[in-house]
Amino acid sequence: MSRQTSRPANDLNQRLDLINNFRTNHLPNAGNTIKKKIDKMPAILTDVQLKNLDNHKYSSEGSTILDPLFQPYWKWLLYQIPLSIAPNLLTIVGLILNIVTSMLFMIYSPNGDQELPRWVFFSCAFGLFFYQSLDAIDGKQARRTNSSSPLGELFDHGCDAISTIFVTVSFAIGMELGKDPWIMFSMVIIGMSAFYTAHWQTYITGCLKFGSIDVTEAQATIYLIYLWNSIIGSSIWLYKLPILNLELRYVPFIVAFFGSVSSILSNIKTISKGGKGKNGSSVADSSIVFPIFPLFLFVFLAFSIASKSQTVYLDNKCLYLVTFGIVWAKITIKLIVAHMTKGEIFLLDSCLIGPILLLLNQYFSYIIPEIIVLCFCLILATIDLIKYCSKVCYQICTHMNIYLFKITPVSSPVNKGH
């Protein structure tokens with residue numbers, strides 16, 4: 001009897017030994033291998049930019065309508081988070097869940113023109129609410145644990161840029177805007193442009209400005225619509241408004257479109273007044289106008305490639321928009337980095353290789369099937385974005401002697417206001 005009971009115990013001990021051996025010997029080696037590869041990559045930030053980052057202070061103005069209403073919930077949620085949890089860890093977990101739930105939309109409706117299951121709407125509502133919640137408290141957690149740094153601001157805004165891609169595309173899918181391909185295209189592009197111009201004016205003035213109706217309100221509207229669809233169903237959006245003869249599903253698009261255009265015009269008006277640098281230039285003492293050209297080039301490539309081809313966009317709407325969204329995210333994150341490090345903006349970037357390949361393939365009469373080139377572009381853009389972000393974060397962590405997802409635990413919360 002004792003022999004029979006000892007065998008399972010011995011097997012369990014052997015398995016635990018194998019797990020501990022793997023954690024001790026293999027995981028650190030894997031981490032060191034990745035670290036060495038990133039270290040060998042060419043430097044992105046110069047020594048001057050890293051020194052400028054030391055002097056960077058986060059600055060913002062304005063408060064949205066819903067922010068004061070959410071504050072009690074966010075404060076409660078904050079105190080459920082252990083002091084050992086790094087703020088950036090909260091941000092990345094929220095982003096991953098947001099991406100995963102948004103991709104459910106793309107799986108069930110790859111062209112944005114099919115009705116989605118109710119549970120998919122509920123999942124995406126939860127994913128977006130979860131991301132919004134963690135995104136709202138990551139800065140508070142940083143102050144609470146005395147771990148605030150420019151890296152946290154950069155990481156937060158970078159994740160917001162990536163989230164914008166999936167939120168706008170999934171919302172267009174949820175409203176079945178794929179039935180009107182160019183309306184779907186316009187909604188996604190204008191949403192990205194509004195985010196870009198907000199950080200363009202930040203690059204000029206040194207201050208991120210919030211309107212009364214801003215990101216919090218937009219996100220809340222979206223997940224409330226998802227929640228409605230998950231409970232009542234999405235058929236109500238097919239109801240035609242009398243007189244206008246317009247389906248109800250276009251109303252959120254119209255509101256979002258004009259709201260984004262209003263935000264863009266407001267940012268441009270602020271930019272036109274001049275910047276924080278010398279003689280009204282940007283924070284980097286560079287042109288206040290030039291940052292618009294990378295956005296123009298991106299929009300030109302996205303539109304010209306989609307309009308010239310009969311298949312690459314119309315048959316793969318979600319894949320196309322996400323691919324170009326990743327390209328846009330790289331351009332936008334570079335703008336955010338330039339603001340925080342007082343660096344220059346450049347027109348050309350490696351993220352444009354994919355779109356240029358699509359353009360060349362069209363020029364040479366589609367020698368390669370467009371779907372293959374598009375998938376290659378998505379992979380290329382994703383790898384390029386990951387490499388860029390990894391190197392920037394690595395340089396900042398090394399310069400400031402901090403970790404990305406790990407902090408020194410504090411025994412009690414630091415009272416700096418929340």
# chains A, B, ... in the order shown; residues from 1 in each chain; ligands from 1
$ residues_around --residues "Ala381 (chain A)" --least-positions-apart "6" --cutoff "10 Å" --atoms "only C-alpha atoms" --output "PyMOL selection string"
chain A and resi 323-330+350-355+375+387
$ select_by_dssp --residues "region 140-185 of chain A" --states "helix (DSSP H, G or I)" --output "PyMOL selection string"
chain A and resi 140-144+150-174+177-179+181-185
$ write_last_selection --atoms "N, CA and C atoms" --output "short mmCIF file (atom, residue, chain, number, x, y, z; two decimals), in the first residue's frame"
data_model
loop_
_atom_site.label_atom_id
_atom_site.label_comp_id
_atom_site.auth_asym_id
_atom_site.auth_seq_id
_atom_site.Cartn_x
_atom_site.Cartn_y
_atom_site.Cartn_z
N LYS A 140 -2.68 56.36 -12.45
CA LYS A 140 -2.94 56.44 -11.01
C LYS A 140 -2.11 55.41 -10.25
N GLN A 141 -1.99 54.22 -10.84
CA GLN A 141 -1.17 53.17 -10.23
C GLN A 141 0.30 53.59 -10.20
N ALA A 142 0.74 54.29 -11.25
CA ALA A 142 2.13 54.76 -11.29
C ALA A 142 2.40 55.76 -10.17
N ARG A 143 1.47 56.69 -9.97
CA ARG A 143 1.65 57.67 -8.89
C ARG A 143 1.54 57.00 -7.52
N ARG A 144 0.63 56.02 -7.45
CA ARG A 144 0.40 55.31 -6.19
C ARG A 144 1.64 54.51 -5.77
N PRO A 150 8.48 58.90 -17.95
CA PRO A 150 8.10 59.17 -19.33
C PRO A 150 7.79 57.89 -20.11
N LEU A 151 8.43 56.78 -19.72
CA LEU A 151 8.17 55.51 -20.39
C LEU A 151 6.71 55.12 -20.25
N GLY A 152 6.14 55.36 -19.06
CA GLY A 152 4.74 55.02 -18.84
C GLY A 152 3.81 55.82 -19.74
N GLU A 153 4.10 57.12 -19.89
CA GLU A 153 3.28 57.96 -20.77
C GLU A 153 3.37 57.48 -22.21
N LEU A 154 4.59 57.20 -22.65
CA LEU A 154 4.80 56.73 -24.03
C LEU A 154 4.10 55.40 -24.25
N PHE A 155 4.24 54.48 -23.31
CA PHE A 155 3.63 53.16 -23.44
C PHE A 155 2.11 53.28 -23.46
N ASP A 156 1.56 54.14 -22.63
CA ASP A 156 0.11 54.35 -22.56
C ASP A 156 -0.42 54.87 -23.90
N HIS A 157 0.21 55.95 -24.42
CA HIS A 157 -0.26 56.54 -25.67
C HIS A 157 -0.03 55.60 -26.85
N GLY A 158 1.06 54.83 -26.80
CA GLY A 158 1.33 53.87 -27.87
C GLY A 158 0.26 52.78 -27.92
N CYS A 159 -0.12 52.29 -26.75
CA CYS A 159 -1.19 51.29 -26.69
C CYS A 159 -2.53 51.87 -27.13
N ASP A 160 -2.76 53.15 -26.81
CA ASP A 160 -3.98 53.82 -27.26
C ASP A 160 -4.03 53.87 -28.79
N ALA A 161 -2.88 54.12 -29.42
CA ALA A 161 -2.82 54.17 -30.88
C ALA A 161 -3.19 52.81 -31.48
N ILE A 162 -2.63 51.76 -30.92
CA ILE A 162 -2.93 50.41 -31.43
C ILE A 162 -4.38 50.06 -31.17
N SER A 163 -4.88 50.42 -29.99
CA SER A 163 -6.29 50.16 -29.67
C SER A 163 -7.23 50.86 -30.64
N THR A 164 -6.87 52.08 -31.05
CA THR A 164 -7.72 52.86 -31.95
C THR A 164 -8.01 52.10 -33.24
N ILE A 165 -7.01 51.38 -33.74
CA ILE A 165 -7.20 50.59 -34.97
C ILE A 165 -8.34 49.60 -34.78
N PHE A 166 -8.24 48.80 -33.74
CA PHE A 166 -9.19 47.70 -33.55
C PHE A 166 -10.56 48.20 -33.10
N VAL A 167 -10.60 49.29 -32.34
CA VAL A 167 -11.88 49.84 -31.90
C VAL A 167 -12.66 50.40 -33.09
N THR A 168 -11.99 51.16 -33.95
CA THR A 168 -12.69 51.77 -35.09
C THR A 168 -13.13 50.71 -36.11
N VAL A 169 -12.25 49.76 -36.40
CA VAL A 169 -12.61 48.71 -37.38
C VAL A 169 -13.75 47.85 -36.85
N SER A 170 -13.66 47.45 -35.57
CA SER A 170 -14.70 46.58 -35.01
C SER A 170 -16.04 47.32 -34.91
N PHE A 171 -16.00 48.61 -34.62
CA PHE A 171 -17.26 49.36 -34.56
C PHE A 171 -17.91 49.44 -35.94
N ALA A 172 -17.10 49.63 -36.96
CA ALA A 172 -17.63 49.64 -38.33
C ALA A 172 -18.25 48.28 -38.68
N ILE A 173 -17.62 47.21 -38.19
CA ILE A 173 -18.17 45.86 -38.43
C ILE A 173 -19.49 45.70 -37.68
N GLY A 174 -19.52 46.16 -36.43
CA GLY A 174 -20.72 46.04 -35.62
C GLY A 174 -21.92 46.74 -36.21
N LEU A 177 -21.13 48.26 -41.62
CA LEU A 177 -20.80 49.27 -42.61
C LEU A 177 -20.04 48.69 -43.80
N GLY A 178 -19.66 47.41 -43.70
CA GLY A 178 -19.02 46.75 -44.82
C GLY A 178 -19.94 46.65 -46.03
N LYS A 179 -21.24 46.81 -45.81
CA LYS A 179 -22.19 46.83 -46.94
C LYS A 179 -21.99 48.09 -47.78
N PRO A 181 -18.70 49.91 -48.55
CA PRO A 181 -17.25 49.84 -48.33
C PRO A 181 -16.57 51.18 -48.10
N TRP A 182 -16.97 52.21 -48.84
CA TRP A 182 -16.27 53.48 -48.72
C TRP A 182 -16.70 54.28 -47.50
N ILE A 183 -17.89 54.00 -47.01
CA ILE A 183 -18.29 54.60 -45.73
C ILE A 183 -17.47 53.98 -44.61
N MET A 184 -17.29 52.66 -44.67
CA MET A 184 -16.46 51.97 -43.68
C MET A 184 -15.02 52.49 -43.74
N PHE A 185 -14.50 52.64 -44.94
CA PHE A 185 -13.14 53.16 -45.13
C PHE A 185 -13.01 54.55 -44.53
#
$ atom_distance --atom1 "CA of Leu357 (chain A)" --atom2 "CA of Ser390 (chain A)"
24.7 Å
$ select_by_dssp --residues "region 195-376 of chain A" --states "strand (DSSP E)" --output "list in words"
Leu208, Lys209, Lys240, Leu241, Leu246 and Glu247 of chain A
$ write_last_selection --atoms "N, CA and C atoms" --output "PDB file, in the first residue's frame"
ATOM      1  N   LEU A 208      -1.361  68.013 -24.199  1.00  0.00           N
ATOM      2  CA  LEU A 208      -2.448  67.216 -24.766  1.00  0.00           C
ATOM      3  C   LEU A 208      -3.775  67.785 -24.275  1.00  0.00           C
ATOM      4  N   LYS A 209      -4.609  68.191 -25.207  1.00  0.00           N
ATOM      5  CA  LYS A 209      -5.860  68.874 -24.849  1.00  0.00           C
ATOM      6  C   LYS A 209      -7.046  67.936 -25.044  1.00  0.00           C
ATOM      7  N   LYS A 240     -35.490  51.973 -40.947  1.00  0.00           N
ATOM      8  CA  LYS A 240     -35.309  53.171 -41.769  1.00  0.00           C
ATOM      9  C   LYS A 240     -36.027  54.360 -41.148  1.00  0.00           C
ATOM     10  N   LEU A 241     -35.292  55.444 -41.004  1.00  0.00           N
ATOM     11  CA  LEU A 241     -35.871  56.663 -40.449  1.00  0.00           C
ATOM     12  C   LEU A 241     -36.835  57.276 -41.460  1.00  0.00           C
ATOM     13  N   LEU A 246     -33.298  56.712 -44.246  1.00  0.00           N
ATOM     14  CA  LEU A 246     -31.940  56.354 -43.875  1.00  0.00           C
ATOM     15  C   LEU A 246     -31.968  55.311 -42.773  1.00  0.00           C
ATOM     16  N   GLU A 247     -31.208  54.223 -42.969  1.00  0.00           N
ATOM     17  CA  GLU A 247     -31.152  53.185 -41.946  1.00  0.00           C
ATOM     18  C   GLU A 247     -30.499  53.733 -40.682  1.00  0.00           C
TER      19      GLU A 247
END
$ atom_distance --atom1 "CA of Ser281 (chain A)" --atom2 "CA of Ile331 (chain A)"
20.4 Å
$ residues_around --residues "Pro87 (chain A)" --least-positions-apart "3" --cutoff "12 Å" --atoms "only C-alpha atoms" --output "PyMOL selection string"
chain A and resi 78+81-84+90-94+134-149+151-153+155-156+403-409
$ residues_around --residues "Asn267 (chain A)" --least-positions-apart "5" --cutoff "12 Å" --atoms "only C-alpha atoms" --output "ChimeraX atom specification"
/A:193-205,207-211,260-262,272-274,292
$ write_last_selection --atoms "N, CA, C and O atoms" --output "compact mmCIF listing (two decimals), in the first residue's frame"
# COMPACT_ATOMS: atom_id res chain seq x y z
N SER A 193 -7.20 59.67 -38.16
CA SER A 193 -6.72 61.03 -38.39
C SER A 193 -6.98 61.93 -37.19
O SER A 193 -6.15 62.79 -36.84
N ALA A 194 -8.14 61.76 -36.54
CA ALA A 194 -8.46 62.55 -35.35
C ALA A 194 -7.46 62.27 -34.23
O ALA A 194 -6.99 63.19 -33.54
N PHE A 195 -7.11 61.01 -34.04
CA PHE A 195 -6.12 60.64 -33.01
C PHE A 195 -4.76 61.24 -33.36
O PHE A 195 -4.06 61.77 -32.49
N TYR A 196 -4.38 61.15 -34.63
CA TYR A 196 -3.08 61.66 -35.07
C TYR A 196 -2.97 63.17 -34.85
O TYR A 196 -1.97 63.67 -34.33
N THR A 197 -4.01 63.90 -35.25
CA THR A 197 -3.95 65.36 -35.12
C THR A 197 -3.93 65.81 -33.66
O THR A 197 -3.36 66.86 -33.35
N ALA A 198 -4.54 65.01 -32.78
CA ALA A 198 -4.49 65.34 -31.34
C ALA A 198 -3.05 65.32 -30.85
O ALA A 198 -2.62 66.18 -30.08
N HIS A 199 -2.27 64.32 -31.32
CA HIS A 199 -0.87 64.24 -30.91
C HIS A 199 0.02 65.15 -31.74
O HIS A 199 1.12 65.53 -31.29
N TRP A 200 -0.45 65.53 -32.92
CA TRP A 200 0.26 66.55 -33.70
C TRP A 200 0.24 67.88 -32.95
O TRP A 200 1.27 68.53 -32.79
N GLN A 201 -0.95 68.27 -32.46
CA GLN A 201 -1.01 69.53 -31.72
C GLN A 201 -0.25 69.43 -30.39
O GLN A 201 0.28 70.43 -29.91
N THR A 202 -0.15 68.23 -29.83
CA THR A 202 0.65 68.04 -28.62
C THR A 202 2.13 68.24 -28.93
O THR A 202 2.89 68.82 -28.14
N TYR A 203 2.56 67.77 -30.09
CA TYR A 203 3.94 67.95 -30.56
C TYR A 203 4.26 69.43 -30.75
O TYR A 203 5.39 69.87 -30.55
N ILE A 204 3.24 70.20 -31.10
CA ILE A 204 3.44 71.63 -31.35
C ILE A 204 3.39 72.43 -30.03
O ILE A 204 4.25 73.25 -29.76
N THR A 205 2.37 72.17 -29.23
CA THR A 205 2.14 72.98 -28.03
C THR A 205 2.75 72.40 -26.76
O THR A 205 2.89 73.10 -25.76
N CYS A 207 1.25 70.20 -24.97
CA CYS A 207 0.14 69.90 -24.04
C CYS A 207 -0.96 69.13 -24.76
O CYS A 207 -1.43 69.55 -25.82
N LEU A 208 -1.36 68.01 -24.20
CA LEU A 208 -2.45 67.22 -24.77
C LEU A 208 -3.78 67.79 -24.28
O LEU A 208 -4.02 67.85 -23.07
N LYS A 209 -4.61 68.19 -25.21
CA LYS A 209 -5.86 68.87 -24.85
C LYS A 209 -7.05 67.94 -25.04
O LYS A 209 -7.16 67.27 -26.08
N PHE A 210 -7.93 67.90 -24.04
CA PHE A 210 -9.14 67.09 -24.10
C PHE A 210 -10.36 67.98 -24.24
O PHE A 210 -10.45 69.04 -23.62
N GLY A 211 -11.31 67.53 -25.05
CA GLY A 211 -12.56 68.26 -25.20
C GLY A 211 -13.60 67.75 -24.23
O GLY A 211 -13.38 66.75 -23.51
N SER A 260 -15.35 63.55 -35.23
CA SER A 260 -13.93 63.44 -35.57
C SER A 260 -13.46 64.64 -36.38
O SER A 260 -12.38 65.18 -36.14
N VAL A 261 -14.28 65.05 -37.35
CA VAL A 261 -13.92 66.21 -38.17
C VAL A 261 -13.82 67.46 -37.29
O VAL A 261 -12.89 68.27 -37.45
N SER A 262 -14.76 67.61 -36.34
CA SER A 262 -14.72 68.75 -35.42
C SER A 262 -13.45 68.74 -34.59
O SER A 262 -12.82 69.78 -34.37
N SER A 272 -2.38 76.23 -35.62
CA SER A 272 -2.17 77.45 -36.42
C SER A 272 -1.76 78.65 -35.57
O SER A 272 -1.20 79.63 -36.08
N LYS A 273 -2.02 78.59 -34.28
CA LYS A 273 -1.67 79.70 -33.39
C LYS A 273 -0.18 79.71 -33.01
O LYS A 273 0.30 80.64 -32.38
N GLY A 274 0.51 78.65 -33.41
CA GLY A 274 1.94 78.59 -33.11
C GLY A 274 2.25 77.63 -31.97
O GLY A 274 1.36 77.23 -31.21
N ILE A 292 1.98 66.98 -40.85
CA ILE A 292 0.80 66.58 -41.61
C ILE A 292 1.17 65.73 -42.81
O ILE A 292 0.36 64.92 -43.29
$ closest_residue --among "A:Pro117, A:Gly259, A:Gly275, A:Gly191" --to "Tyr226 (chain A)" --atoms "only C-alpha atoms"
A:Pro117
$ residues_around --residues "Tyr394 (chain A)" --least-positions-apart "2" --cutoff "9 Å" --atoms "only C-alpha atoms" --output "ChimeraX atom specification"
/A:35,38-39,389-392,396-399,403-404
$ write_last_selection --atoms "N, CA and C atoms" --output "mmCIF file, in the first residue's frame"
data_model
loop_
_atom_site.group_PDB
_atom_site.id
_atom_site.type_symbol
_atom_site.label_atom_id
_atom_site.label_comp_id
_atom_site.auth_asym_id
_atom_site.auth_seq_id
_atom_site.Cartn_x
_atom_site.Cartn_y
_atom_site.Cartn_z
ATOM 1 N N LYS A 35 16.826 39.866 -25.210
ATOM 2 C CA LYS A 35 17.485 41.105 -24.797
ATOM 3 C C LYS A 35 18.732 41.377 -25.639
ATOM 4 N N ILE A 38 17.666 42.526 -29.171
ATOM 5 C CA ILE A 38 17.212 43.922 -29.165
ATOM 6 C C ILE A 38 18.398 44.859 -28.999
ATOM 7 N N ASP A 39 19.351 44.461 -28.157
ATOM 8 C CA ASP A 39 20.520 45.292 -27.895
ATOM 9 C C ASP A 39 21.351 45.504 -29.161
ATOM 10 N N CYS A 389 9.007 49.431 -31.402
ATOM 11 C CA CYS A 389 8.561 49.646 -30.019
ATOM 12 C C CYS A 389 9.490 48.957 -29.021
ATOM 13 N N SER A 390 9.950 47.767 -29.367
ATOM 14 C CA SER A 390 10.848 47.030 -28.472
ATOM 15 C C SER A 390 12.155 47.782 -28.268
ATOM 16 N N LYS A 391 12.711 48.306 -29.357
ATOM 17 C CA LYS A 391 13.989 49.008 -29.254
ATOM 18 C C LYS A 391 13.846 50.317 -28.495
ATOM 19 N N VAL A 392 12.783 51.063 -28.765
ATOM 20 C CA VAL A 392 12.559 52.329 -28.059
ATOM 21 C C VAL A 392 12.398 52.074 -26.559
ATOM 22 N N ILE A 396 14.971 53.270 -23.499
ATOM 23 C CA ILE A 396 14.503 54.097 -22.379
ATOM 24 C C ILE A 396 14.720 53.377 -21.052
ATOM 25 N N CYS A 397 14.402 52.080 -21.020
ATOM 26 C CA CYS A 397 14.600 51.300 -19.792
ATOM 27 C C CYS A 397 16.072 51.282 -19.388
ATOM 28 N N THR A 398 16.936 51.089 -20.375
ATOM 29 C CA THR A 398 18.378 51.057 -20.095
ATOM 30 C C THR A 398 18.866 52.415 -19.616
ATOM 31 N N HIS A 399 18.397 53.471 -20.272
ATOM 32 C CA HIS A 399 18.820 54.830 -19.913
ATOM 33 C C HIS A 399 18.347 55.219 -18.513
ATOM 34 N N TYR A 403 12.478 48.905 -15.390
ATOM 35 C CA TYR A 403 11.933 47.786 -16.153
ATOM 36 C C TYR A 403 10.594 48.184 -16.759
ATOM 37 N N LEU A 404 10.231 47.493 -17.839
ATOM 38 C CA LEU A 404 8.982 47.814 -18.527
ATOM 39 C C LEU A 404 7.775 47.285 -17.767
#
$ closest_residue --among "A:Gln80, A:Pro110, A:Glu370, A:Asn279" --to "Ala306 (chain A)" --atoms "only C-alpha atoms"
A:Glu370
$ residues_around --residues "Leu238 (chain A)" --least-positions-apart "5" --cutoff "10 Å" --atoms "only C-alpha atoms" --output "list in words"
Met175, Glu176, Leu246, Glu247, Leu248, Arg249 and Tyr250 of chain A
$ closest_residue --among "A:Gln395, A:Phe298, A:Ser307, A:Ile236" --to "Ile356 (chain A)" --atoms "only C-alpha atoms"
A:Phe298
